[in-house]
Amino acid sequence: MRHLVVSIGVVALAAAAPFASGAQRGPDPDRGAAQGRGAAPPRGAAPVNESQREVAVTPEQLKTAIDRLGNVDYAVRAPASRTVRRAPGAMAVPALLDAVVAHKDGYVRFRALVLLSGFNDPRTRDVMAGVLTSPNDRLRTVAYTYFEHNPDRQILPRLLDALDKEESEFVRPALTRTLAAYGTDSRARDVLTGLVLKGQDYFRSVVIEALGDHKAAYALERITEVAKLEGPLQDDAVIALGKIGDKRSLETLAPLQRTAPRAVQPSVAAAICLLGINCPSHQGYLVKSLRFGIDTLGYQELVRASASGLAALAIAGDASAATALIEAGIPSRDPARAAIALALGAVALRNTPVVLKVLEAQADPKGAIVLLGEAFDMLEEDLEEERFFVAVRRGYWAAPAGSSPRKIAAALIQTLDF
């Protein structure tokens, strides 16, 4: 989850590069004002027709929509994506397959691949495998992420080979997360365990987070070593221990409650709660520290840590932690608001059912959905966002007309512009 939160820092680095249609990664034109959308209309500005599963579209209209996926104008790109998503699969999938392979615009190829993933077509697997060696950074990122959610042992040797070559700060995190999904294989375990203690801190952070998310008990000893050391990776390691869930980790975490720096204390509290120990007290501490950081100048680091801790609990299934993020985030202002929004966005991408459940329980979900929209404007998790969109649209059609779940899904479709 930390990788999602630190994406805003990566966005700042990427923003200096000009938008181009070529292979290399630059600022994402589907993101928000922080990444250059500027005066483009906010999410929800364009009307959305969610009343049909599919819409009538001609082959020419579909081709035009695909060509517009790379348009620099958000008001053009967003309707184009909606048109493709709502086109009949029998028409959209072949067109997207062709665009991924042959379109002259590298960004269109990327967006076509992301949209293709939402159609659940059996041909998608081979296309994803085919772009693992593409010079287009974005295509490789999508493919790696796809194989995290759709593990394929035949792909593992290619992933391991890529690890020796993939140095892009934008792409390597996705590859690392994917390898963590193959932890039943000793080849993946050996490589990932070694990466806990070597390499750049940014990449090590992603490794530790991925191992925690995939409950990699085999890496417990190495992660514990990092958790005991004060430094930039301590909070990542502490949270990972909680996610792995081995109660022996309390021997490491309990002393840290007395000795760890203030900014690490929220991670310690969240980790102990994830172990199932005195959770109400630790969650209460996270809420209090978050509000203190919001109300007190100079404590932005505490805000980020507390929001991340609550997000970790929510991703693990605690709906009350997600509610706490929403209640603190709705009235907040930047810079605290950005950190809270990113934490809520991480929950939405990692545990969509929890976020939908919490939104349905809100007396007025508008503020929470706006906060979620701000998160999606900052995050660079395109395939993960597409998976969220697919889940919401599926939920819309599964829910009875007029029901709370359908109303929430409709509001998300409208506000998040998909």
# chains A, B, ... in the order shown; residues from 1 in each chain; ligands from 1
$ residues_around --residues "Tyr107 of chain A" --least-positions-apart "2" --cutoff "6 Å" --atoms "only C-alpha atoms" --output "VMD selection string"
chain A and resid 21 70 105 109 to 110
$ residues_around --residues "Asp213 of chain A" --least-positions-apart "6" --cutoff "10 Å" --atoms "only C-alpha atoms" --output "PDB file with N, CA and C atoms, in the first residue's frame"
ATOM      1  N   MET A   1       0.825  -1.208   0.000  1.00  0.00           N
ATOM      2  CA  MET A   1       0.000   0.000   0.000  1.00  0.00           C
ATOM      3  C   MET A   1       0.855   1.251   0.000  1.00  0.00           C
ATOM      4  N   ARG A 177       6.030  -6.757  -7.491  1.00  0.00           N
ATOM      5  CA  ARG A 177       4.756  -7.197  -6.915  1.00  0.00           C
ATOM      6  C   ARG A 177       4.300  -8.499  -7.571  1.00  0.00           C
ATOM      7  N   ALA A 180       6.066 -11.500  -6.249  1.00  0.00           N
ATOM      8  CA  ALA A 180       5.611 -11.856  -4.904  1.00  0.00           C
ATOM      9  C   ALA A 180       4.358 -12.730  -4.941  1.00  0.00           C
ATOM     10  N   ALA A 181       3.615 -12.659  -6.037  1.00  0.00           N
ATOM     11  CA  ALA A 181       2.423 -13.494  -6.181  1.00  0.00           C
ATOM     12  C   ALA A 181       2.768 -14.940  -6.500  1.00  0.00           C
ATOM     13  N   VAL A 207       9.526  -4.135  -2.525  1.00  0.00           N
ATOM     14  CA  VAL A 207       9.691  -5.563  -2.249  1.00  0.00           C
ATOM     15  C   VAL A 207       9.051  -5.925  -0.912  1.00  0.00           C
ATOM     16  N   ILE A 239       4.816  -2.764   9.018  1.00  0.00           N
ATOM     17  CA  ILE A 239       3.498  -3.076   8.463  1.00  0.00           C
ATOM     18  C   ILE A 239       3.495  -4.456   7.815  1.00  0.00           C
ATOM     19  N   ALA A 240       4.575  -4.793   7.113  1.00  0.00           N
ATOM     20  CA  ALA A 240       4.650  -6.103   6.465  1.00  0.00           C
ATOM     21  C   ALA A 240       4.565  -7.229   7.498  1.00  0.00           C
ATOM     22  N   LEU A 241       5.200  -7.043   8.644  1.00  0.00           N
ATOM     23  CA  LEU A 241       5.106  -8.050   9.700  1.00  0.00           C
ATOM     24  C   LEU A 241       3.649  -8.251  10.127  1.00  0.00           C
ATOM     25  N   GLY A 242       2.927  -7.158  10.263  1.00  0.00           N
ATOM     26  CA  GLY A 242       1.516  -7.278  10.623  1.00  0.00           C
ATOM     27  C   GLY A 242       0.714  -8.002   9.555  1.00  0.00           C
ATOM     28  N   LYS A 243       0.969  -7.685   8.291  1.00  0.00           N
ATOM     29  CA  LYS A 243       0.236  -8.327   7.197  1.00  0.00           C
ATOM     30  C   LYS A 243       0.529  -9.824   7.116  1.00  0.00           C
ATOM     31  N   ILE A 244       1.775 -10.207   7.343  1.00  0.00           N
ATOM     32  CA  ILE A 244       2.127 -11.627   7.296  1.00  0.00           C
ATOM     33  C   ILE A 244       1.381 -12.394   8.381  1.00  0.00           C
ATOM     34  N   ALA A 312      -4.107   0.148   5.867  1.00  0.00           N
ATOM     35  CA  ALA A 312      -3.691  -1.250   5.991  1.00  0.00           C
ATOM     36  C   ALA A 312      -4.764  -2.077   6.688  1.00  0.00           C
ATOM     37  N   ILE A 315      -7.725  -2.470   4.211  1.00  0.00           N
ATOM     38  CA  ILE A 315      -7.413  -3.438   3.165  1.00  0.00           C
ATOM     39  C   ILE A 315      -7.539  -4.858   3.706  1.00  0.00           C
ATOM     40  N   ALA A 316      -7.232  -5.035   4.984  1.00  0.00           N
ATOM     41  CA  ALA A 316      -7.371  -6.349   5.616  1.00  0.00           C
ATOM     42  C   ALA A 316      -8.820  -6.698   5.912  1.00  0.00           C
ATOM     43  N   ARG A 350      -7.221  -2.106  -3.503  1.00  0.00           N
ATOM     44  CA  ARG A 350      -6.805  -3.375  -2.907  1.00  0.00           C
ATOM     45  C   ARG A 350      -7.970  -4.174  -2.312  1.00  0.00           C
TER      46      ARG A 350
END
$ closest_residue --among "A:Val127, A:Val101, A:Leu372, A:Val354" --to "Glu385 of chain A" --atoms "only C-alpha atoms"
A:Leu372
$ residues_around --residues "Ala339 of chain A" --least-positions-apart "4" --cutoff "7 Å" --atoms "only C-alpha atoms" --output "PDB file with N, CA and C atoms, in the first residue's frame"
ATOM      1  N   ARG A 304       0.530  11.132   7.147  1.00  0.00           N
ATOM      2  CA  ARG A 304       0.731  10.067   6.159  1.00  0.00           C
ATOM      3  C   ARG A 304       0.825   8.696   6.829  1.00  0.00           C
ATOM      4  N   ALA A 307      -2.675   7.679   8.263  1.00  0.00           N
ATOM      5  CA  ALA A 307      -3.591   7.321   7.177  1.00  0.00           C
ATOM      6  C   ALA A 307      -3.200   5.985   6.560  1.00  0.00           C
ATOM      7  N   ALA A 343      -4.589   7.292   0.706  1.00  0.00           N
ATOM      8  CA  ALA A 343      -4.796   6.105   1.536  1.00  0.00           C
ATOM      9  C   ALA A 343      -6.141   5.464   1.214  1.00  0.00           C
TER      10      ALA A 343
END
$ select_by_dssp --residues "segment 217-322 of chain A" --states "helix (DSSP H, G or I)" --output "PyMOL selection string"
chain A and resi 217-227+234-244+247-259+262-274+279-295+300-315+319-322
